[in-house]
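S.K.: Mind looking over this structure? Questions follow.
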Amino acid sequence: MTTILITGGSGRLGRSVVAGFSAAGHHVVSLDRDTLPEIAALTGVVQESVDLLDAQAVNQAMAKHLPDAVIHLAAIAVPFSAPEDVILKTNTMLAYNVFHAATSNGVRRIVTASSPTVLGYGNPAGWLPESFPLDENTTPKPWNAYALSKLVAEQVMRMFATANGDTTRYAAFRPCYVISPEEWEGAPTQQGHTLAERLADPALSAPALFNYVDARDVADFLAVLLEKMDIIDNAQTFFVGAADALAVESLDKLMPQFLPGSEALAAGLTGTRPAFSIAKAQEILGWTPQRSWRTELTETNRADLASAASH
């Protein structure tokens with residue numbers, strides 16, 4: 001049985017990742033400050049409350065469980081939800097402590113969560129990319145501590161890969177705006193709005209450039225990534241998103257309304273095409289998301305969307 005250690009397993013994304021690996025028959029160790037009864041009820045899952053800023057505690061947990069793979073999700077997950085210096089120091093040290101402990105204890109596959117925000121969209125001083133759709137070659141331009149901390153996490157990954165060569169396999173992924181399963185039922189999203197409200201009012205999704213991904217699709221991506229890390233180039237970064245945009249209208253019409261100067265850049269974002277490309281994950285890993293707001297939105301939420309759109 002394969003042991004997968006997941007940091008931040010009690011988080012919005014972590015819960016689905018833990019559940020996905022549990023359902024696939026893996027032994028899962030969830031490290032988080034908080035423990036949840038719904039995770040404790042899953043088959044083959046062990047929860048431990050660990051302060052991941054304590055390097056010794058992280059190393060002890062890693063030595064105790066000796067996992068086959070580590071997926072690092074733990075972080076202060078919302079920009080400006082804490083002082084900027086706290087976000088930068090916390091997220092940077094979490095990444096370093098987990099990578100160091102995992103590498104030192106001989107874990108062969110280590111993955112960290114980054115963020116699309118490293119690209120710098122939403123900058124009040126103005127931002128335009130080189131082109132759409134955005135992909136792994138788009139120039140990062142972080143403008144806040146959260147985005148910078150995630151870019152640093154990617155650099156931490158590359159530092160360990162440079163120091164250790166291909167004996168240990170590393171990867172990073174940038175999950176789009178995560179939608180957890182209960183949010184399809186009408187639970188509030190991370191910003192406090194329902195999905196019906198976000199779809200009915202484009203201004204709510206525009207700050208994230210209408211990106212999103214189902215948490216279960218992220219879990220599926222991670223399963224495929226772990227399977228193929230030994231046969232792909234080391235220390236790669238992947239965008240992980242839905243195959244469409246979180247919008248009723250096409251982005252070639254919406255984007256110029258919320259991103260000044262993007263008319264020509266967004267002209268190709270017709271139909272349901274998203275602003276973020278997942279082509280790299282599709283071509284290198286053979287992964288494709290299975291869920292869309294068009295298939296997952298419940299009838300209740302659809303009714304709410306129709307009601308909101310009519311007002």
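Identifiers in the structure tokens: chain A, B, ... in order shown; residue index from 1 per chain; ligand index from 1 in order shown.
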Near Ala163 of chain A, counting only C-alpha atoms, which residues have an atom at most 12 Å away, once you skip same-chain residues fewer than 6 positions from it, shown as a list in words?
M.R.: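 My reading of the contact set: Phe99, His100, Thr103, Ser104, Val156, Met157, Arg169, Tyr170 and Ala235 of chain A.
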S.K.: Just N, CA and C atoms for this one: save the residues we selected as an mmCIF file, in the first residue's frame.
M.R.:
data_model
loop_
_atom_site.group_PDB
_atom_site.id
_atom_site.type_symbol
_atom_site.label_atom_id
_atom_site.label_comp_id
_atom_site.auth_asym_id
_atom_site.auth_seq_id
_atom_site.Cartn_x
_atom_site.Cartn_y
_atom_site.Cartn_z
ATOM 1 N N PHE A 99 9.663 20.620 2.193
ATOM 2 C CA PHE A 99 10.595 20.090 1.196
ATOM 3 C C PHE A 99 11.851 19.540 1.866
ATOM 4 N N HIS A 100 12.342 20.266 2.858
ATOM 5 C CA HIS A 100 13.570 19.822 3.523
ATOM 6 C C HIS A 100 13.343 18.509 4.262
ATOM 7 N N THR A 103 12.716 15.592 1.691
ATOM 8 C CA THR A 103 13.941 15.212 0.995
ATOM 9 C C THR A 103 14.912 14.510 1.941
ATOM 10 N N SER A 104 15.065 15.038 3.151
ATOM 11 C CA SER A 104 16.001 14.461 4.122
ATOM 12 C C SER A 104 15.605 13.052 4.535
ATOM 13 N N VAL A 156 11.701 27.240 -4.310
ATOM 14 C CA VAL A 156 12.177 26.273 -3.311
ATOM 15 C C VAL A 156 12.218 24.883 -3.930
ATOM 16 N N MET A 157 11.159 24.533 -4.669
ATOM 17 C CA MET A 157 11.129 23.245 -5.356
ATOM 18 C C MET A 157 12.328 23.106 -6.295
ATOM 19 N N ARG A 169 12.115 13.287 -7.139
ATOM 20 C CA ARG A 169 11.296 13.926 -8.166
ATOM 21 C C ARG A 169 10.416 15.003 -7.529
ATOM 22 N N TYR A 170 10.429 16.181 -8.138
ATOM 23 C CA TYR A 170 9.694 17.325 -7.611
ATOM 24 C C TYR A 170 8.738 17.868 -8.670
ATOM 25 N N ALA A 235 10.980 18.689 -11.768
ATOM 26 C CA ALA A 235 10.765 20.059 -11.282
ATOM 27 C C ALA A 235 9.948 20.912 -12.243
#
S.K.: Listing only residues of segment 90-204 of chain A within 9 Å of segment 5-12 of chain A, what is the closest atom pair and its distance in Å (to one decimal) for each, using only C-alpha atoms, sorted by chain and residue number ascending, as a tab-separated table?
M.R.:
residue	atom	partner	partner_atom	distance
A:Val98	CA	A:Thr7	CA	8.5
A:Val178	CA	A:Arg12	CA	7.7
A:Ile179	CA	A:Arg12	CA	8.2
A:Ser180	CA	A:Arg12	CA	6.3
A:Gln190	CA	A:Arg12	CA	8.7
S.K.: What does the file look like for those residues with N, CA and C atoms, as a PDB file, in the first residue's frame?
M.R.:
ATOM      1  N   VAL A  98       8.715  21.661   4.662  1.00  0.00           N
ATOM      2  CA  VAL A  98       8.163  20.407   4.124  1.00  0.00           C
ATOM      3  C   VAL A  98       9.119  19.800   3.102  1.00  0.00           C
ATOM      4  N   VAL A 178     -10.524  27.232  -6.579  1.00  0.00           N
ATOM      5  CA  VAL A 178     -11.016  25.903  -6.227  1.00  0.00           C
ATOM      6  C   VAL A 178     -12.484  25.940  -5.812  1.00  0.00           C
ATOM      7  N   ILE A 179     -13.271  25.068  -6.432  1.00  0.00           N
ATOM      8  CA  ILE A 179     -14.673  24.879  -6.066  1.00  0.00           C
ATOM      9  C   ILE A 179     -14.788  23.527  -5.381  1.00  0.00           C
ATOM     10  N   SER A 180     -15.171  23.532  -4.115  1.00  0.00           N
ATOM     11  CA  SER A 180     -15.332  22.279  -3.379  1.00  0.00           C
ATOM     12  C   SER A 180     -16.716  21.698  -3.644  1.00  0.00           C
ATOM     13  N   GLN A 190     -15.082  30.747  -1.582  1.00  0.00           N
ATOM     14  CA  GLN A 190     -14.044  31.325  -0.731  1.00  0.00           C
ATOM     15  C   GLN A 190     -14.265  32.818  -0.458  1.00  0.00           C
TER      16      GLN A 190
END
S.K.: Enumerate as a count of residues only all residues of segment 180-261 of chain A assigned to alpha helix (DSSP H) by DSSP on the backbone, naming them with the chain letters and numbers the document uses.
M.R.: 32
S.K.: Could you pull the residues within 8 Å of Gly241 of chain A, counting only C-alpha atoms, minus those fewer than 3 positions along the same chain, as a list in words?
M.R.: Pro175, Cys176, Tyr177, Asn211, Tyr212, Val213, Asp214, Val218, Phe276, Ser277, Ile278 and Pro289 of chain A
S.K.: Report as a list in words all protein, DNA and RNA residues lying within 7 Å of Arg216 of chain A, evaluated on only C-alpha atoms, omitting residues in the same chain fewer than 3 positions from it.
M.R.: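 Within the cut-off, the hits are Ser16, Val17, Ala219 and Asp220 of chain A.
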